[in-house]
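Enquirer: Submitted below is the structure of interest, expressed as structure tokens.
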Amino acid sequence: MAGSIGGEAGSGLARRYWKPIADGLALLLTLTAICWALSVPRHLGVGFYPQQFFAAILALALPIAYLSLPARRDAARERVPWVDIALAVLSFAAVFYIAIRYPDLVLKIFSRSPEIWIAGLLVIVLVLEALRRATGWALVIIIAVFLLYALFGNLLPGRLSGRSQDWQMLASYMAVDTNGILGLPLAVAATVVITFILFGGLLAVTGGTHFFTDAAMLGMGRFRGGSMKIAVLASGLFGSISGSAVANVVGTGVVTIPMIKRDGYPAHKAGAIEAVASTGGQLMPPVMGASAFLMAEFLAVPYSAVVMAALVPAILYYVALFIQADLEAARLGIRPVPKAQLPAGGAVLTGLHFILSFAVLILALFVLRWQPERAALLAGVSLVVTSLAIGYKGRRPRLVDLFMSLSRTGHAVVEIILISAASGFVIGVLNVTGLSFNLTYALVQVGGGSAIVLLVLSALVCIVLGMGLPTLGVYVLLAALVAPALVQVGIEPVAAHLYVLYFGMMSMITPPIALAAFAAASIAKASSMATGFAAVRFGWSAYVIPFLFVFSPTLLLIGEPADVAIAVATATMGVWLVSSALAGYFSDTLSMPMRGLFALSGLLALIPAKAFEGALYSDILGVSLGLALMLRELYRRRRIVPAAEGET
């Protein structure tokens with residue numbers, strides 16, 4: 001009878017028992033974050049350290065992970081083994097103990113007291129195992145290397161030699177210090193990310209995600225290559241509030257990729273354009289895969305400053321992708337989406353109220369200057385109110401579904417919370433060992449003091465380190481390891497952080513490990529490597545634009561308005577010309593020499609006038625040559641078409 005509650009003896013806890021427990025913990029996690037965002041404890045006259053709140057969030061997330069995630073990632077989870085139940089209870093007890101005792105424990109970090117290092121050691125092991133279940137081995141191995149460095153870094157030669165740490169002190173430091181698990185990444189995840197994920201969940205429940213897909217279809221489906229443009233627009237909109245490029249591919253790709261294939265696109269290109277569009281969502285404000293909020297904290301600047309800096313590069317990214325979708329459609333003769341497959345305009349108009357919630361979000365963030373978490377909650381409330389009053393396509397959300405979105409949010413943020421907590425290990429090791437300074441010095445030395453060499457080296461490091469990691473993990477790792485070296489050689493800090501984010505995200509579409517491209521290839525039933533290489537071509541702008549905004553922050557809206565306007569206009573022209581060269585089409589098919597000239601003029605036009613001395617002349621040359629080439633192709637097309645019609 002010992003195992004009867006879960007079924008057969010020793011088989012574990014059945015789903016009908018463990019699922020309500022996990023859902024309850026997820027609900028409590030979301031409600032706790034909402035209460036903190038609304039300053040409920042302060043209004044009740046109860047005082048807490050912020051780290052106690054962060055620990056409470058982690059104490060709820062870890063049991064959810066052990067109840068929901070099997071030890072083997074590909075295994076089904078109908079029953080929870082008793083060992084996982086024990087790990088869930090132990091993880092909750094260990095972290096909750098730290099939350100309750102934090103005011104005393106923080107004073108004993110360097111005392112090697114058993115009450116702190118035992119709890120710390122348990123938390124380190126339990127967080128890493130939960131992280132392995134959620135994301136796989138890649139991030140766990142990287143963090144394990146950092147922890148080993150903290151213990152044995154003194155054995156390394158040269159500039160990478162570090163101060164070795166006693167393992168008891170290290171466990172205490174990681175568990176309690178504000179540079180460890182309870183540090184900045186977890187702070188952002190526990191406060192801002194949860195509320196934005198809730199906002200995204202409410203969009204799904206109320207029909208907002210369907211509205212944006214329908215709006216993209218209605219707006220772009222009437223034009224050539226409409227299905228490709230729908231993928232670009234829908235994935236960009238959804239991805240801008242999504243925390244994962246791969247999740248974005250899966251969420252929108254199941255709709256867009258089959259549609260693109262039906263229109264006649266090769267399967268690998270259908271998957272590639274969806275992968276690139278979904279990856280770009282992690283670079284597009286307002287959320288940027290949760291990196292925007294963390295970037296603001298790292299740089300100690302307002303969140304709005306990060307959003308404004310990231311806006312133009314992200315728009316250029318999507319302009320390049322959109323132009324290539326249009327030119328590919330023209331070259332392949334892809335027609336618009338059949339009218340029968342387009343949604344009714346009147347029905348789509350009933351969803352215009354969804355845009356109001358984004359207007360509320362922007363108003364609260366940029367006009368009222370609210371904290372991001374409160375702005376997201378206000379936007380969520382407006383979304384619920386308008387959805388209940390108006391609905392979408394005659395359907396209104398059920399109250400039970402709205403309530404369940406709280407629990408679903410708790411489940412959805414578990415992975416991000418685990419990544420954020422584990423990222424604290426990296427930051428902690430960098431601080432306690434001196435590796436941060438040593439690595440910055442080593443990178444600058446290898447770069448030989450040359451900004452170009454350092455940028456190229458950093459780009460390669462970012463792509464390699466980013467392979468296999470989720471967005472937030474990519475950014476935290478690169479912001480800690482690579483960005484300081486770029487700042488050291490005089491690069492604008494916000495440009496340095498955006499640079500590492502861009503190249504870190506390019507790992508999602510760059511073979512040999514291109515998670516977003518491979519996920520899209522699976523849906524498209526195409527070759528993974530062919531999809532990856534096609535994605536590199538479609539996403540070319542993200543490999544070029546970061547170099548431009550590093551040398552000229554005018555593309556980050558930093559500088560005189562006239563200089564910014566010129567830089568944006570010429571960059572847009574350059575993106576168009578290079579995209580035409582890569583597609584091999586402008587108004588008609590381009591010959592190889594013409595493709596070369598289009599590419600050359602485009603690259604010249606892309607260079608901002610303030611990038612270096614004399615860059616203005618390269619801009620003028622590129623724009624002038626580009627305009628001449630465009631006019632030539634239009635004139636040639638005008639002569640060819642009447643001649644062809646005369647022959648028929």
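Residues are referred to by chain and number: the chain letter is A, B, ... according to the order shown in the structure tokens, the number counts from 1 in that chain, and ligands are numbered separately from 1 in the order shown.
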Find the residues around Leu501 (chain A) up to 8 Å (only C-alpha atoms counted), leave out those fewer than 2 positions away in its own chain, and share them as a VMD selection string.

Expert: chain A and resid 283 474 to 475 478 to 479 497 to 499 503 to 505

Enquirer: So that I have them on file, write out the residues from the current selection with N, CA and C atoms, as a PDB file, in the first residue's frame.

Expert:
```pdb
ATOM      1  N   LEU A 283      15.731  40.632 -30.812  1.00  0.00           N
ATOM      2  CA  LEU A 283      16.486  41.877 -30.950  1.00  0.00           C
ATOM      3  C   LEU A 283      15.571  43.084 -31.038  1.00  0.00           C
ATOM      4  N   VAL A 474      22.534  33.559 -23.129  1.00  0.00           N
ATOM      5  CA  VAL A 474      23.496  34.092 -24.098  1.00  0.00           C
ATOM      6  C   VAL A 474      23.925  35.492 -23.670  1.00  0.00           C
ATOM      7  N   TYR A 475      22.950  36.340 -23.398  1.00  0.00           N
ATOM      8  CA  TYR A 475      23.287  37.734 -23.104  1.00  0.00           C
ATOM      9  C   TYR A 475      24.079  37.871 -21.805  1.00  0.00           C
ATOM     10  N   LEU A 478      27.724  36.731 -22.304  1.00  0.00           N
ATOM     11  CA  LEU A 478      28.525  37.608 -23.155  1.00  0.00           C
ATOM     12  C   LEU A 478      28.688  38.997 -22.555  1.00  0.00           C
ATOM     13  N   ALA A 479      27.657  39.473 -21.845  1.00  0.00           N
ATOM     14  CA  ALA A 479      27.768  40.784 -21.198  1.00  0.00           C
ATOM     15  C   ALA A 479      28.827  40.762 -20.115  1.00  0.00           C
ATOM     16  N   HIS A 497      27.200  46.326 -25.609  1.00  0.00           N
ATOM     17  CA  HIS A 497      26.251  45.320 -25.121  1.00  0.00           C
ATOM     18  C   HIS A 497      25.310  44.860 -26.237  1.00  0.00           C
ATOM     19  N   LEU A 498      24.870  45.772 -27.080  1.00  0.00           N
ATOM     20  CA  LEU A 498      24.032  45.364 -28.218  1.00  0.00           C
ATOM     21  C   LEU A 498      24.845  44.521 -29.202  1.00  0.00           C
ATOM     22  N   TYR A 499      26.120  44.841 -29.358  1.00  0.00           N
ATOM     23  CA  TYR A 499      26.990  44.085 -30.258  1.00  0.00           C
ATOM     24  C   TYR A 499      27.059  42.626 -29.832  1.00  0.00           C
ATOM     25  N   PHE A 503      25.500  39.214 -31.933  1.00  0.00           N
ATOM     26  CA  PHE A 503      26.275  38.059 -32.377  1.00  0.00           C
ATOM     27  C   PHE A 503      25.974  36.822 -31.536  1.00  0.00           C
ATOM     28  N   GLY A 504      25.591  37.023 -30.293  1.00  0.00           N
ATOM     29  CA  GLY A 504      25.139  35.870 -29.519  1.00  0.00           C
ATOM     30  C   GLY A 504      23.880  35.267 -30.110  1.00  0.00           C
ATOM     31  N   MET A 505      22.939  36.133 -30.540  1.00  0.00           N
ATOM     32  CA  MET A 505      21.701  35.634 -31.134  1.00  0.00           C
ATOM     33  C   MET A 505      21.936  35.031 -32.516  1.00  0.00           C
TER      34      MET A 505
END
```

Enquirer: For region 302-350 of chain A versus region 246-264 of chain A, which residues have an atom no more than 9 Å away, and what is each residue's nearest atom pair and distance in Å rounded to one decimal, using only C-alpha atoms, chain-then-number order, as a tab-separated table?

Expert:
```
residue	atom	partner	partner_atom	distance
A:Leu332	CA	A:Gly264	CA	8.2
A:Gly333	CA	A:Gly264	CA	8.9
A:Ile334	CA	A:Asp263	CA	6.4
A:Arg335	CA	A:Asp263	CA	7.4
A:Pro336	CA	A:Asp263	CA	8.4
A:Val337	CA	A:Asp263	CA	7.6
```

Enquirer: Could you take the residues named above and write them with C-alpha atoms, as a compact mmCIF listing (two decimals), in the first residue's frame?

Expert:
```
# COMPACT_ATOMS: atom_id res chain seq x y z
CA LEU A 332 10.41 32.80 -58.20
CA GLY A 333 7.08 34.14 -59.51
CA ILE A 334 5.23 33.60 -56.23
CA ARG A 335 1.75 35.07 -56.32
CA PRO A 336 -0.29 36.60 -53.49
CA VAL A 337 -2.12 34.40 -51.00
```

Enquirer: Please, which residues in region 280-325 of chain A fall within 8 Å of region 534-539 of chain A when counting only C-alpha atoms, and what is the closest atom pair and distance in Å to one decimal for each, ordered by chain then residue number, as JSON lines?

Expert:
```
{"residue": "A:Tyr317", "atom": "CA", "partner": "A:Gly539", "partner_atom": "CA", "distance": 7.5}
{"residue": "A:Ala320", "atom": "CA", "partner": "A:Gly539", "partner_atom": "CA", "distance": 7.9}
{"residue": "A:Leu321", "atom": "CA", "partner": "A:Phe538", "partner_atom": "CA", "distance": 6.2}
{"residue": "A:Gln324", "atom": "CA", "partner": "A:Phe538", "partner_atom": "CA", "distance": 7.1}
```

Enquirer: One number please: CA of Asp84 (chain A) to CA of Trp137 (chain A), in Å, one decimal.

Expert: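 These two atoms are separated by 18.6 Å.
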
Enquirer: Hey, what's within 12 Å of region 555-559 of chain A if we count only C-alpha atoms and toss same-chain stuff fewer than 4 positions away? As a VMD selection string, please?

Expert: chain A and resid 305 to 316 492 to 499 545 to 551 563 to 572 606 to 611

Enquirer: If you count only C-alpha atoms, which residues fall within 7 Å of Ala37 (chain A), apart from same-chain ones fewer than 2 positions away, as a list in words?

Expert: Ala33, Ile34, Cys35, Ser39, Thr191, Glu373 and Arg374 of chain A

Enquirer: If you run DSSP over the backbone, which residues in region 384-619 of chain A end up helix (DSSP H, G or I)? Put them as number ranges by chain.

Expert: A: 384-389, 399-412, 414-433, 435-446, 451-466, 471-481, 483-488, 493-506, 515-524, 528-538, 541-551, 553-556, 561-583, 592-606, 615-619
